[in-house]
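So this one's query.txt, compact mmCIF, C-alpha atoms and all ligand atoms:
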```
# COMPACT_ATOMS: atom_id res chain seq x y z
CA MET A 14 -15.32 -18.83 -4.20
CA SER A 15 -13.38 -21.63 -2.48
CA PRO A 16 -14.01 -22.26 1.23
CA HIS A 17 -12.21 -19.89 3.55
CA PRO A 18 -9.93 -21.32 6.21
CA VAL A 19 -11.30 -18.69 8.61
CA PRO A 20 -14.95 -17.65 8.70
CA LEU A 21 -15.20 -14.33 6.88
CA GLN A 22 -18.25 -12.39 7.96
CA GLY A 23 -19.54 -8.88 7.63
CA SER A 24 -17.41 -7.79 10.55
CA THR A 25 -13.70 -7.18 10.94
CA LEU A 26 -11.86 -10.40 11.67
CA PRO A 27 -9.31 -10.63 14.46
CA PRO A 28 -5.76 -10.56 13.07
CA PRO A 29 -4.54 -13.97 11.94
CA ALA A 30 -2.41 -15.72 14.56
CA HIS A 31 0.86 -14.78 12.86
CA LEU A 32 -0.03 -11.09 13.28
CA ARG A 33 -1.18 -10.88 16.89
CA TYR A 34 0.51 -7.90 18.46
CA THR A 35 1.64 -9.52 21.68
CA ALA A 36 4.72 -11.62 22.28
CA LEU A 37 6.07 -11.05 18.79
CA VAL A 38 9.42 -12.74 18.57
CA ASN A 39 9.88 -13.00 14.83
CA ARG A 40 11.65 -9.97 13.37
CA GLN A 41 9.38 -9.78 10.33
CA ASN A 42 6.28 -9.84 12.54
CA HIS A 43 7.83 -7.15 14.69
CA ILE A 44 8.33 -4.93 11.63
CA LYS A 45 4.81 -5.61 10.38
CA ALA A 46 3.33 -4.83 13.78
CA ALA A 47 5.17 -1.48 13.69
CA VAL A 48 3.83 -0.74 10.18
CA ALA A 49 0.30 -1.70 11.27
CA ALA A 50 0.58 0.50 14.37
CA ALA A 51 1.89 3.49 12.37
CA PHE A 52 -0.94 3.30 9.85
CA SER A 53 -3.57 2.66 12.53
CA ALA A 54 -2.35 5.76 14.39
CA ALA A 55 -2.79 7.79 11.18
CA ALA A 56 -6.29 6.56 10.36
CA GLU A 57 -7.97 9.79 11.44
CA THR A 58 -5.51 12.15 9.72
CA TYR A 59 -4.96 10.12 6.54
CA ASP A 60 -7.76 11.39 4.30
CA ALA A 61 -6.96 15.08 4.71
CA ALA A 62 -3.22 14.56 4.08
CA ALA A 63 -3.31 11.89 1.37
CA GLY A 64 -4.29 13.90 -1.71
CA LEU A 65 -1.59 12.25 -3.81
CA GLN A 66 -2.72 8.77 -2.77
CA ARG A 67 -6.32 9.68 -3.60
CA GLY A 68 -5.24 10.74 -7.10
CA VAL A 69 -3.25 7.53 -7.62
CA ALA A 70 -6.22 5.41 -6.49
CA GLY A 71 -8.34 7.28 -9.06
CA GLU A 72 -5.81 6.51 -11.82
CA LEU A 73 -5.76 2.86 -10.82
CA ALA A 74 -9.57 2.75 -10.68
CA ALA A 75 -9.69 4.09 -14.25
CA ARG A 76 -7.39 1.26 -15.38
CA ILE A 77 -9.51 -1.32 -13.52
CA ALA A 78 -12.68 0.06 -15.13
CA ARG A 79 -11.19 -0.81 -18.56
CA LEU A 80 -10.72 -4.49 -17.61
CA PRO A 81 -13.34 -6.93 -18.95
CA LEU A 82 -14.87 -7.78 -15.56
CA LYS A 83 -18.42 -9.03 -15.11
CA GLN A 84 -19.82 -9.15 -11.58
CA PRO A 85 -16.32 -9.82 -10.27
CA ARG A 86 -15.29 -11.35 -6.97
CA VAL A 87 -12.82 -8.77 -5.70
CA LEU A 88 -10.01 -8.78 -3.13
CA GLU A 89 -8.34 -5.49 -2.19
CA ILE A 90 -5.02 -5.54 -0.36
CA GLY A 91 -4.19 -2.54 1.86
CA CYS A 92 -7.54 -0.78 1.46
CA GLY A 93 -6.63 1.96 3.93
CA THR A 94 -9.54 4.35 4.42
CA GLY A 95 -11.12 3.27 1.12
CA PHE A 96 -9.94 5.56 -1.72
CA LEU A 97 -9.87 2.64 -4.19
CA SER A 98 -12.54 0.59 -2.40
CA GLU A 99 -15.20 3.16 -3.20
CA ALA A 100 -14.56 2.77 -6.94
CA LEU A 101 -14.67 -1.03 -6.65
CA LEU A 102 -18.29 -0.85 -5.54
CA GLY A 103 -19.07 0.66 -8.95
CA LEU A 104 -17.96 -2.55 -10.72
CA ASN A 105 -21.24 -4.27 -9.84
CA PRO A 106 -19.24 -6.84 -7.88
CA ARG A 107 -20.57 -10.18 -6.73
CA GLU A 108 -18.34 -10.00 -3.64
CA VAL A 109 -15.76 -7.57 -2.31
CA LEU A 110 -13.27 -8.43 0.43
CA LEU A 111 -11.47 -5.31 1.70
CA THR A 112 -8.33 -6.02 3.72
CA ASP A 113 -5.55 -4.14 5.46
CA ILE A 114 -2.91 -4.91 8.05
CA ALA A 115 -3.96 -1.91 10.18
CA PRO A 116 -7.23 -2.50 12.09
CA ALA A 117 -7.99 1.22 12.54
CA MET A 118 -7.67 1.78 8.78
CA ILE A 119 -10.29 -0.93 8.23
CA ASP A 120 -12.59 0.60 10.83
CA ARG A 121 -12.28 3.95 9.10
CA CYS A 122 -12.91 2.35 5.69
CA ARG A 123 -16.01 0.62 7.00
CA LYS A 124 -17.38 3.94 8.33
CA THR A 125 -16.61 5.75 5.07
CA LEU A 126 -18.20 3.32 2.61
CA PRO A 127 -21.94 2.96 2.14
CA ALA A 128 -23.27 -0.20 3.81
CA ASP A 129 -23.29 -2.96 1.21
CA ALA A 130 -24.16 -6.60 1.77
CA GLN A 131 -21.55 -7.72 -0.78
CA VAL A 132 -18.70 -6.10 1.14
CA ARG A 133 -16.69 -7.82 3.87
CA PHE A 134 -13.67 -6.60 5.78
CA ALA A 135 -10.68 -8.45 7.19
CA VAL A 136 -7.40 -7.65 8.88
CA LEU A 137 -4.89 -9.38 6.66
CA ASP A 138 -1.18 -9.26 5.92
CA GLY A 139 -1.19 -8.80 2.16
CA GLU A 140 2.07 -10.75 1.90
CA HIS A 141 0.20 -13.81 3.21
CA PRO A 142 -3.15 -13.54 1.49
CA GLU A 143 -3.93 -17.28 1.70
CA ASP A 144 -6.47 -16.70 4.49
CA ALA A 145 -8.60 -14.68 2.07
CA GLY A 146 -9.46 -17.74 -0.02
CA GLY A 147 -9.15 -17.92 -3.79
CA ASP A 148 -10.85 -17.72 -7.17
CA PHE A 149 -10.96 -13.93 -7.28
CA ASP A 150 -11.66 -12.22 -10.60
CA LEU A 151 -9.82 -9.10 -9.47
CA ILE A 152 -7.11 -8.60 -6.87
CA CYS A 153 -6.11 -4.98 -6.54
CA SER A 154 -4.03 -2.71 -4.35
CA SER A 155 -3.09 0.97 -4.35
CA MET A 156 0.10 2.33 -2.78
CA THR A 157 0.64 -0.66 -0.49
CA PHE A 158 3.06 -3.04 -2.21
CA GLN A 159 5.96 -0.71 -1.38
CA TRP A 160 5.61 -1.90 2.22
CA PHE A 161 6.22 -5.55 1.37
CA ALA A 162 9.43 -7.36 2.28
CA ASP A 163 9.00 -10.04 -0.41
CA LEU A 164 7.16 -8.47 -3.31
CA GLU A 165 8.13 -11.12 -5.85
CA GLY A 166 6.87 -13.98 -3.67
CA THR A 167 3.72 -12.03 -2.83
CA LEU A 168 2.93 -11.37 -6.50
CA ALA A 169 3.15 -15.12 -7.14
CA ARG A 170 0.90 -15.87 -4.16
CA LEU A 171 -1.67 -13.27 -5.23
CA CYS A 172 -1.73 -14.53 -8.82
CA GLY A 173 -2.29 -18.02 -7.43
CA GLN A 174 -5.53 -16.75 -5.87
CA LEU A 175 -6.97 -15.49 -9.14
CA ALA A 176 -9.55 -17.45 -11.09
CA PRO A 177 -8.64 -18.18 -14.74
CA GLY A 178 -9.09 -14.92 -16.66
CA GLY A 179 -8.80 -12.94 -13.42
CA ALA A 180 -6.70 -9.78 -13.17
CA LEU A 181 -4.18 -8.30 -10.76
CA ALA A 182 -4.07 -4.49 -10.80
CA PHE A 183 -1.91 -2.36 -8.54
CA ALA A 184 -0.17 0.95 -8.05
CA THR A 185 3.06 1.13 -6.08
CA LEU A 186 5.99 3.45 -5.51
CA ALA A 187 8.89 2.69 -7.84
CA GLU A 188 12.62 3.33 -7.96
CA GLY A 189 13.38 7.04 -8.25
CA SER A 190 10.90 8.18 -5.62
CA PHE A 191 12.04 10.96 -3.25
CA PRO A 192 15.30 11.78 -5.13
CA GLU A 193 15.40 15.27 -3.59
CA TRP A 194 15.32 13.85 -0.05
CA ARG A 195 17.96 11.25 -0.89
CA ALA A 196 20.23 13.87 -2.53
CA ALA A 197 20.11 16.02 0.61
CA HIS A 198 21.40 13.05 2.59
CA ASP A 199 24.09 12.27 -0.01
CA ASP A 200 25.34 15.87 0.17
CA LEU A 201 25.93 15.40 3.90
CA GLY A 202 27.45 11.93 3.56
CA LEU A 203 24.39 10.39 5.23
CA ALA A 204 22.31 7.38 4.16
CA ALA A 205 18.61 8.19 3.80
CA ALA A 206 16.39 5.78 5.74
CA THR A 207 13.89 5.97 2.88
CA ARG A 208 12.73 2.59 1.63
CA SER A 209 14.07 1.03 -1.61
CA TYR A 210 11.55 0.59 -4.40
CA PRO A 211 11.69 -1.65 -7.51
CA SER A 212 12.15 -0.25 -11.00
CA ALA A 213 9.55 -0.94 -13.69
CA ALA A 214 11.98 -3.45 -15.25
CA GLU A 215 12.36 -5.23 -11.91
CA LEU A 216 8.58 -5.40 -11.51
CA ARG A 217 8.28 -6.94 -14.99
CA SER A 218 10.95 -9.51 -14.21
CA MET A 219 9.18 -10.42 -10.94
CA LEU A 220 5.99 -11.25 -12.83
CA PRO A 221 6.41 -12.17 -16.51
CA GLY A 222 3.56 -10.75 -18.60
CA LEU A 223 3.04 -7.80 -16.22
CA SER A 224 2.18 -4.59 -18.02
CA VAL A 225 3.62 -1.50 -16.29
CA GLU A 226 2.84 2.18 -16.82
CA GLU A 227 4.74 4.89 -14.98
CA GLU A 228 3.92 8.36 -13.67
CA HIS A 229 6.05 10.99 -11.94
CA LEU A 230 4.20 13.26 -9.53
CA THR A 231 5.77 16.19 -7.70
CA ARG A 232 4.48 17.74 -4.49
CA ARG A 233 5.79 20.92 -2.87
CA TYR A 234 6.12 21.19 0.91
CA ALA A 235 6.77 24.47 2.73
CA ASN A 236 9.93 23.04 4.32
CA GLY A 237 11.52 19.76 5.37
CA HIS A 238 9.51 19.66 8.61
CA ALA A 239 6.28 19.88 6.59
CA PHE A 240 7.36 16.88 4.49
CA VAL A 241 8.19 14.79 7.57
CA ALA A 242 4.93 15.85 9.26
CA HIS A 243 3.04 14.87 6.11
CA LEU A 244 4.54 11.36 6.19
CA LYS A 245 3.45 11.00 9.82
CA LYS A 246 -0.11 12.12 9.05
CA ILE A 247 -0.46 9.35 6.49
CA GLY A 248 1.39 6.78 8.64
CA ALA A 249 4.22 6.35 6.12
CA HIS A 250 7.17 7.55 8.20
CA LEU A 251 8.77 4.24 9.23
CA PRO A 252 12.28 3.73 7.81
CA GLU A 253 13.38 0.83 5.67
CA ALA A 254 13.61 -2.37 7.74
CA GLY A 255 17.03 -2.65 9.36
CA ARG A 256 17.80 1.07 8.93
CA ARG A 257 17.99 3.30 11.96
CA PRO A 258 16.22 6.64 11.69
CA LEU A 259 18.65 9.58 11.57
CA GLY A 260 19.83 11.00 14.89
CA ALA A 261 18.36 14.37 15.89
CA GLY A 262 21.47 16.35 14.85
CA ALA A 263 21.76 14.69 11.44
CA LEU A 264 18.04 15.17 10.79
CA ARG A 265 18.35 18.88 11.66
CA SER A 266 21.17 19.20 9.11
CA VAL A 267 19.04 17.58 6.41
CA LEU A 268 16.02 19.73 7.26
CA ARG A 269 18.15 22.92 7.14
CA GLN A 270 18.66 22.32 3.41
CA PHE A 271 14.91 22.73 2.87
CA ALA A 272 14.24 25.87 4.90
CA ARG A 273 12.81 27.50 1.74
CA GLY A 274 10.68 24.56 0.65
CA ILE A 275 11.10 21.14 -0.91
CA ASP A 276 9.74 19.60 -4.11
CA VAL A 277 9.34 15.86 -3.65
CA THR A 278 8.97 13.51 -6.61
CA TYR A 279 6.91 10.35 -6.32
CA HIS A 280 7.47 7.74 -9.04
CA VAL A 281 4.35 5.59 -9.30
CA ALA A 282 4.17 2.31 -11.25
CA TYR A 283 0.77 0.93 -12.30
CA GLY A 284 0.84 -2.82 -12.94
CA THR A 285 -1.79 -5.03 -14.57
CA TRP A 286 -1.59 -8.76 -15.20
CA THR A 287 -4.18 -11.23 -16.44
CA LYS A 288 -4.22 -14.94 -15.65
CA SER A 289 -4.58 -17.12 -18.73
C1 LIG B 301 -0.29 4.57 1.75
S1 LIG B 301 -1.58 3.60 2.44
C2 LIG B 301 -2.63 3.32 1.03
C3 LIG B 301 -4.03 3.04 1.47
C4 LIG B 301 -5.08 3.00 0.35
N1 LIG B 301 -4.88 1.87 -0.52
C5 LIG B 301 -5.07 4.29 -0.43
O1 LIG B 301 -4.87 4.24 -1.66
O2 LIG B 301 -5.24 5.34 0.18
C6 LIG B 301 -0.80 2.03 2.64
C7 LIG B 301 -1.72 1.00 3.29
O3 LIG B 301 -1.07 -0.27 3.24
C8 LIG B 301 -1.33 -0.95 4.44
N2 LIG B 301 -0.31 -1.99 4.59
C9 LIG B 301 1.00 -1.85 4.85
N3 LIG B 301 1.60 -3.05 4.91
C10 LIG B 301 0.63 -3.97 4.67
C11 LIG B 301 0.60 -5.38 4.60
N4 LIG B 301 1.71 -6.12 4.81
N5 LIG B 301 -0.57 -5.99 4.33
C12 LIG B 301 -1.70 -5.28 4.15
N6 LIG B 301 -1.75 -3.94 4.22
C13 LIG B 301 -0.59 -3.29 4.47
C14 LIG B 301 -1.30 0.15 5.48
O4 LIG B 301 -1.92 -0.22 6.69
C15 LIG B 301 -2.02 1.27 4.76
O5 LIG B 301 -3.40 1.25 4.97
```
Could the structure of this file be written out as structure tokens, please?
Amino acid sequence: MSPHPVPLQGSTLPPPAHLRYTALVNRQNHIKAAVAAAFSAAAETYDAAAGLQRGVAGELAARIARLPLKQPRVLEIGCGTGFLSEALLGLNPREVLLTDIAPAMIDRCRKTLPADAQVRFAVLDGEHPEDAGGDFDLICSSMTFQWFADLEGTLARLCGQLAPGGALAFATLAEGSFPEWRAAHDDLGLAAATRSYPSAAELRSMLPGLSVEEEHLTRRYANGHAFVAHLKKIGAHLPEAGRRPLGAGALRSVLRQFARGIDVTYHVAYGTWTKS
């Protein structure tokens, strides 16, 4: 693996300079700090609430297991508490670097996984993965890319860090997620603060040669409050950048539509790409 610009050791690294949480003046850093704080705050409640994410990580792990990898050097982006990371250890990896923007998620991941000399952890903004080094045989990520501001640029940067023959494998939310929640806002003439996600076609056009499979998953929540509480427990409640959350009155009106329960559809895209 090529030399790292920062010393990566068996311990969690301090956040790179562009992510320090004090004196943030850049708007993008400010948004990222808020995302990191929301996920860090959810580190202890995530596992119990994130059944859907656990299932998606399992689906992605099954796809990764079919790739022709031999003792791979692996980088995971947005490892969270380690749903996918655990499966990566089964690949007989030469090295595994597990990264996330939220320090408390990394701490939780480190406590969850069995101690393994090949595994290192780092706080890292996945949109700027240069600090992680290069020549990886596998770069993977589950349910994290939907948080990126510049997915197309990030895909190019990540592919640039693969060794020849290396693979990128990810799962992310795609266009058409949460239609029930959006429709409830439309009915009231409100704009949902839900994030925008790329379609499968858009993903393919961002990265020529990307293979995309899609899955629709539906989860039922007892009412609108339960759905919002669920998002908080997994740290995924921040609105799209630049959107204000609904005011209290407007939110009450939306929630009233789901007094008898809400089915929420998640559209998941699984992407795999191999470097020639
Ligand atoms: C929904 S969780 C998924 C976690 C884990 N991969 C899983 O499958 O359970 C999203 C994760 O992405 C991380 N994340 C969000 N933005 C990120 C960024 N810019 N760089 C790295 N990680 C990020 C969050 O901290 C969080 O751990």
Residues at most 8 Å from stretch 109-125 of chain A, counting all atoms listed in the file, excluding those fewer than 5 positions away in the same chain, as number ranges by chain?
A: 25, 48-50, 52-54, 56-57, 86-95, 98, 101-102, 131-139, 145
Would you work out the distance separating atom CA of A:Cys153 from atom CA of A:Leu230, expressed in Å to one decimal?
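Interatomic distance, atom CA of A:Cys153 to atom CA of A:Leu230: 21.2 Å.
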Mind pulling up the distance from atom CA of A:Gly179 to atom CA of A:Ser289?
8.0 Å
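A straight line drawn from atom CA of A:Ala63 to atom CA of A:Ala206 is 21.1 Å long.
Counting all atoms listed in the file, the residue from A:Gly202, A:Gly222, A:Gly68, A:Pro258 that sits nearest to ligand LIG 301 (chain B) is A:Gly68.
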I'd like the contact shell of A:Glu227 - 7 Å cut-off, all atoms listed in the file, skipping same-chain residues fewer than 2 positions apart - returned as a PyMOL selection string.
chain A and resi 225+229+281-283
Residue with the minimum atom-to-atom distance to A:Tyr59, picked from A:Ser212, A:Glu228, A:Glu99, A:Gly248 with all atoms listed in the file counted, is A:Gly248
Can you work out which one of A:Gln174, A:Gln270, A:Gln159, A:Thr285 has the shortest atom-to-atom distance to ligand LIG 301 (chain B), counting all atoms listed in the file?
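Between A:Gln174, A:Gln270, A:Gln159, A:Thr285, the residue approaching ligand LIG 301 (chain B) most closely is A:Gln159.
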Hey, what's within 8 Å of A:Ser224 if we count only C-alpha atoms and toss same-chain stuff fewer than 3 positions away? As a PDB file with C-alpha atoms, in the frame of the given file, please?
```pdb
ATOM      1  CA  ARG A 217       8.280  -6.940 -14.990  1.00  0.00           C
ATOM      2  CA  GLY A 284       0.840  -2.820 -12.940  1.00  0.00           C
ATOM      3  CA  THR A 285      -1.790  -5.030 -14.570  1.00  0.00           C
ATOM      4  CA  TRP A 286      -1.590  -8.760 -15.200  1.00  0.00           C
TER       5      TRP A 286
END
```
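Nearest residue to ligand LIG 301 (chain B) among A:Glu72, A:Glu140, A:Glu108, A:Glu193 is A:Glu140, counting only C-alpha atoms and all ligand atoms.
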Of the candidates A:Pro221, A:Ala242, A:His198, A:His250, which shows the shortest atom-to-atom distance to ligand LIG 301 (chain B), using only C-alpha atoms and all ligand atoms?
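Nearest to ligand LIG 301 (chain B): A:His250.
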